[in-house]
$ cat structure-v4.txt   # compact mmCIF, C-alpha atoms
# COMPACT_ATOMS: atom_id res chain seq x y z
CA MET A 1 68.13 -83.49 89.06
CA THR A 2 66.63 -80.42 90.64
CA ASP A 3 69.69 -78.35 89.71
CA LEU A 4 69.43 -79.51 86.11
CA VAL A 5 65.76 -78.48 85.87
CA CYS A 6 66.55 -75.09 87.38
CA ARG A 7 69.32 -74.52 84.84
CA ILE A 8 67.04 -75.46 81.96
CA TRP A 9 64.35 -73.04 83.17
CA ALA A 10 66.96 -70.32 83.55
CA LEU A 11 68.15 -70.85 79.98
CA LEU A 12 64.58 -70.79 78.67
CA VAL A 13 63.82 -67.56 80.54
CA LEU A 14 67.00 -65.89 79.34
CA GLY A 15 66.36 -67.09 75.79
CA GLY A 16 62.86 -65.67 75.89
CA LEU A 17 64.09 -62.35 77.21
CA GLY A 18 66.77 -62.25 74.54
CA ALA A 19 64.21 -62.93 71.81
CA GLY A 20 61.98 -60.22 73.27
CA VAL A 21 64.81 -57.72 73.24
CA ARG A 22 65.58 -58.50 69.60
CA HIS A 23 61.93 -57.97 68.71
CA VAL A 24 61.76 -54.67 70.56
CA THR A 25 64.94 -53.39 68.95
CA GLY A 26 63.92 -54.66 65.49
CA ILE A 27 63.14 -52.24 62.71
CA GLU A 28 59.46 -51.22 62.41
CA ILE A 29 57.87 -50.37 59.05
CA TYR A 30 54.64 -48.40 58.60
CA THR A 31 52.51 -48.42 55.44
CA PRO A 32 48.84 -47.91 54.60
CA LYS A 33 46.95 -51.14 54.08
CA GLU A 34 45.35 -50.12 50.80
CA VAL A 35 45.71 -47.32 48.22
CA GLU A 36 43.43 -46.49 45.30
CA ALA A 37 44.48 -44.63 42.14
CA VAL A 38 42.70 -43.62 38.95
CA ASN A 39 44.00 -45.15 35.74
CA GLY A 40 46.69 -42.93 34.17
CA THR A 41 47.36 -40.81 37.27
CA ASN A 42 50.28 -40.68 39.72
CA VAL A 43 50.13 -42.35 43.12
CA LYS A 44 52.49 -42.20 46.09
CA LEU A 45 53.22 -45.38 48.02
CA LYS A 46 53.95 -44.17 51.54
CA CYS A 47 56.43 -46.14 53.64
CA THR A 48 58.18 -44.97 56.82
CA PHE A 49 60.24 -46.79 59.43
CA SER A 50 61.74 -46.55 62.90
CA SER A 51 65.00 -48.09 64.07
CA SER A 52 66.81 -48.38 67.36
CA HIS A 53 70.13 -47.62 65.63
CA PRO A 54 71.35 -44.32 64.16
CA VAL A 55 70.15 -43.65 60.63
CA SER A 56 72.33 -42.42 57.79
CA THR A 57 72.14 -42.46 54.01
CA THR A 58 74.85 -45.12 53.91
CA SER A 59 73.44 -47.45 56.57
CA VAL A 60 69.93 -47.85 55.12
CA THR A 61 68.96 -50.11 52.24
CA VAL A 62 65.47 -50.14 50.75
CA SER A 63 63.83 -52.68 48.49
CA TRP A 64 60.42 -52.29 46.87
CA ASN A 65 58.92 -55.41 45.30
CA PHE A 66 55.64 -56.08 43.50
CA ARG A 67 53.40 -59.16 43.61
CA PRO A 68 50.71 -59.16 40.88
CA VAL A 69 47.15 -60.18 41.69
CA ASP A 70 47.33 -63.34 39.59
CA SER A 71 50.88 -64.37 40.53
CA ARG A 72 52.96 -65.31 43.55
CA ILE A 73 56.27 -64.27 42.00
CA ASP A 74 57.66 -60.94 43.22
CA GLU A 75 59.06 -58.38 40.79
CA THR A 76 61.64 -55.71 41.61
CA VAL A 77 60.19 -52.18 41.60
CA PHE A 78 62.86 -50.00 43.20
CA TYR A 79 66.10 -50.23 45.14
CA TYR A 80 67.98 -47.74 47.34
CA GLN A 81 71.50 -48.02 48.72
CA ASP A 82 73.40 -44.76 49.21
CA VAL A 83 71.50 -43.41 46.19
CA PRO A 84 68.21 -44.34 44.47
CA TYR A 85 68.30 -46.98 41.76
CA PRO A 86 65.16 -46.70 39.62
CA PRO A 87 64.28 -49.68 37.42
CA THR A 88 65.86 -49.78 33.97
CA THR A 89 63.79 -52.70 32.64
CA GLY A 90 60.41 -54.25 33.18
CA ARG A 91 56.94 -52.81 33.63
CA PHE A 92 58.08 -50.18 36.16
CA LYS A 93 60.71 -48.57 33.93
CA ASP A 94 60.08 -44.79 33.74
CA HIS A 95 57.19 -45.23 36.18
CA ALA A 96 58.80 -45.64 39.63
CA VAL A 97 60.59 -42.61 41.16
CA TRP A 98 62.07 -41.93 44.59
CA SER A 99 59.92 -39.74 46.88
CA GLY A 100 61.52 -40.46 50.26
CA ASP A 101 64.02 -38.89 52.64
CA ILE A 102 66.25 -41.30 54.54
CA MET A 103 67.08 -38.83 57.31
CA LYS A 104 63.35 -38.36 57.92
CA ARG A 105 62.93 -42.15 57.90
CA ASP A 106 60.77 -41.92 54.81
CA VAL A 107 61.36 -44.45 52.02
CA SER A 108 58.30 -43.72 49.87
CA ILE A 109 58.15 -44.02 46.09
CA THR A 110 55.77 -42.60 43.49
CA LEU A 111 54.35 -44.47 40.51
CA HIS A 112 53.65 -42.31 37.47
CA GLU A 113 50.73 -42.88 35.08
CA VAL A 114 49.64 -46.15 36.65
CA PRO A 115 47.89 -48.65 34.30
CA PRO A 116 45.56 -51.47 35.42
CA THR A 117 48.50 -53.90 35.23
CA PHE A 118 49.90 -52.22 38.37
CA ASN A 119 47.14 -53.80 40.48
CA GLY A 120 48.66 -55.92 43.21
CA THR A 121 50.65 -55.90 46.45
CA TYR A 122 53.73 -53.72 46.95
CA ILE A 123 56.25 -54.82 49.58
CA CYS A 124 58.45 -52.25 51.34
CA GLN A 125 61.58 -53.73 52.94
CA VAL A 126 63.98 -51.59 54.98
CA ARG A 127 67.24 -52.54 56.66
CA ASN A 128 69.38 -50.24 58.80
CA LEU A 129 72.66 -51.98 59.59
CA PRO A 130 73.16 -53.58 62.02
CA ASP A 131 69.38 -53.50 62.54
CA VAL A 132 68.18 -56.12 60.06
CA HIS A 133 65.32 -57.69 62.04
CA GLY A 134 61.70 -56.76 61.46
CA SER A 135 58.73 -57.40 59.23
CA ASN A 136 58.05 -55.81 55.85
CA GLY A 137 55.32 -53.34 54.97
CA GLU A 138 52.69 -54.25 52.38
CA ILE A 139 50.38 -52.00 50.35
CA ILE A 140 47.55 -53.22 48.15
CA LEU A 141 47.19 -50.92 45.13
CA LYS A 142 43.87 -50.78 43.27
CA VAL A 143 43.87 -49.02 39.90
CA VAL A 144 40.34 -47.97 38.91
CA ASN A 145 38.95 -46.40 35.74
CA LYS A 146 37.24 -43.52 37.54
CA ALA A 147 37.26 -41.79 40.89
CA SER A 148 35.64 -43.59 43.79
CA LEU A 149 32.46 -42.38 45.46
CA SER A 150 34.40 -40.76 48.29
CA GLU A 151 36.55 -38.76 45.87
CA ILE A 152 33.47 -37.69 43.89
CA ALA A 153 31.80 -36.62 47.14
CA ILE A 154 34.83 -34.51 48.05
CA LEU A 155 34.84 -32.83 44.63
CA ALA A 156 31.08 -32.21 44.82
CA ALA A 157 31.43 -30.71 48.29
CA ALA A 158 34.21 -28.41 47.09
CA ALA A 159 32.14 -27.27 44.09
CA GLY A 160 29.06 -26.76 46.28
CA GLY A 161 31.06 -24.72 48.76
CA ALA A 162 32.41 -22.49 45.99
CA CYS A 163 28.87 -21.92 44.64
CA ALA A 164 27.61 -21.09 48.12
CA VAL A 165 30.34 -18.49 48.59
CA ILE A 166 29.49 -16.90 45.23
CA LEU A 167 25.79 -16.75 46.11
CA VAL A 168 26.52 -15.16 49.49
CA LEU A 169 28.74 -12.50 47.88
CA LEU A 170 26.09 -11.81 45.23
CA GLY A 171 23.42 -11.45 47.92
CA ILE A 172 25.57 -8.99 49.84
CA PHE A 173 26.19 -6.97 46.67
CA VAL A 174 22.46 -6.76 45.85
CA ALA A 175 21.55 -5.82 49.43
CA VAL A 176 24.15 -3.03 49.55
CA LYS A 177 23.01 -1.69 46.18
CA TYR A 178 19.35 -1.69 47.28
CA TYR A 179 20.21 0.01 50.57
CA ARG A 180 22.11 2.78 48.82
CA LYS A 181 19.32 3.33 46.29
CA LYS A 182 16.67 3.48 49.02
CA HIS A 183 18.57 6.03 51.12
CA ARG A 184 19.79 8.18 48.25
CA SER A 185 18.88 11.96 48.62
CA PRO A 186 16.09 13.28 46.28
CA ASP A 187 17.35 14.70 43.06
CA ILE A 188 17.37 18.55 42.64
CA GLU A 189 14.63 19.68 40.25
CA MET A 190 16.07 20.80 36.98
CA PRO A 191 14.73 23.92 35.17
CA PRO A 192 12.47 23.22 32.21
CA ARG A 193 14.19 22.78 28.91
CA GLU A 194 14.30 25.62 26.39
CA GLY A 195 12.18 23.68 23.95
CA VAL A 196 9.37 23.44 26.48
CA LEU A 197 9.40 27.25 27.03
CA LYS A 198 9.19 27.89 23.34
CA GLU A 199 6.31 25.51 22.92
CA SER A 200 4.33 27.24 25.70
CA SER A 201 4.39 30.60 23.75
CA VAL A 202 3.08 29.16 20.49
CA CYS A 203 -0.68 29.58 19.75
CA SER A 204 -2.91 26.86 18.53
CA PRO A 205 -4.50 27.25 15.00
CA GLU A 206 -7.93 28.18 16.47
CA GLU A 207 -6.38 30.92 18.60
CA ALA A 208 -4.51 32.30 15.59
CA VAL A 209 -7.74 32.54 13.52
CA HIS A 210 -9.53 34.30 16.37
CA LEU A 211 -6.75 36.85 16.70
CA THR A 212 -6.78 37.51 12.95
CA LEU A 213 -10.56 38.18 12.89
CA LYS A 214 -10.26 40.45 15.87
CA GLU A 215 -7.55 42.50 14.19
CA GLN A 216 -9.69 42.86 11.04
CA ASN A 217 -12.72 44.06 13.08
CA ASP A 218 -10.57 46.60 14.89
CA SER A 219 -9.31 47.91 11.53
CA GLU A 220 -12.84 48.30 10.11
CA SER A 221 -13.99 50.11 13.21
CA SER A 222 -11.16 52.60 12.96
CA VAL A 223 -12.01 53.30 9.30
CA GLU A 224 -15.69 54.05 10.06
CA VAL A 225 -14.76 56.45 12.75
CA LYS A 226 -12.65 58.44 10.39
$ encode --input "structure-v4.txt" --output "structure tokens"
Amino acid sequence: MTDLVCRIWALLVLGGLGAGVRHVTGIEIYTPKEVEAVNGTNVKLKCTFSSSHPVSTTSVTVSWNFRPVDSRIDETVFYYQDVPYPPTTGRFKDHAVWSGDIMKRDVSITLHEVPPTFNGTYICQVRNLPDVHGSNGEIILKVVNKASLSEIAILAAAAGGACAVILVLLGIFVAVKYYRKKHRSPDIEMPPREGVLKESSVCSPEEAVHLTLKEQNDSESSVEVK
């Protein structure tokens, strides 16, 4: 009886270790939990993986599926095996494109011009033969009509930074211009213009009358003397 119990415990321990080894060597998938995109824009669904087995373009298969918010039925979005297979029918036709690199363990896709109907959960499934164990990655996509507060804050910060740089450059320009003007050498005095010299030699009307009377008196005096 004792030997039987010991054998059972040994089998349980070995079974547990075996299960642990399979879990450790299973494929691991990494995705963001949630992604937000503005209606009509492009959004990249990032999905990467790690595997205990060598990776090649022929050993990896990728499946992207979509589960709408109001449904539990999954729809095919994208498939990869040796080469990408974009969808030829359905809501994702001409919207889903391959953005990954198998050798870099990147199996991401990009959705072009996303409409509100793309709201839902996207499931990334990767298998690298013979490594087929592991959980899938899930991304919740939220399509909004305008940018979120965080995106607006980033844009406002960028615009404010640009304005600050412009103001600093303008201040430096004004300061340099003022400094040069303040320390500029005094201008050399220019000779008076010709018009000013001519005006200084012209008599006023009163002076002209006085000179005329004086000349007449001098003429009369010379006549009397004769």
$ closest_atom_pairs --input "structure-v4.txt" --of "stretch 83-118 of chain A" --to "stretch 49-64 of chain A" --cutoff "7 Å" --atoms "only C-alpha atoms" --output "JSON lines"
{"residue": "A:Ile102", "atom": "CA", "partner": "A:Thr57", "partner_atom": "CA", "distance": 6.0}
{"residue": "A:Met103", "atom": "CA", "partner": "A:Ser56", "partner_atom": "CA", "distance": 6.4}
{"residue": "A:Arg105", "atom": "CA", "partner": "A:Phe49", "partner_atom": "CA", "distance": 5.6}
{"residue": "A:Asp106", "atom": "CA", "partner": "A:Phe49", "partner_atom": "CA", "distance": 6.7}
$ atom_distance --input "structure-v4.txt" --atom1 "atom CA of A:Ser135" --atom2 "atom CA of A:Trp98"
21.6 Å
$ atom_distance --input "structure-v4.txt" --atom1 "atom CA of A:Ala159" --atom2 "atom CA of A:Glu34"
27.2 Å
$ atom_distance --input "structure-v4.txt" --atom1 "atom CA of A:His95" --atom2 "atom CA of A:Gly40"
10.9 Å
$ closest_residue --input "structure-v4.txt" --among "A:Leu45, A:Arg127, A:Asn65, A:Ser71" --to "A:Ser99" --atoms "all atoms listed in the file"
A:Leu45
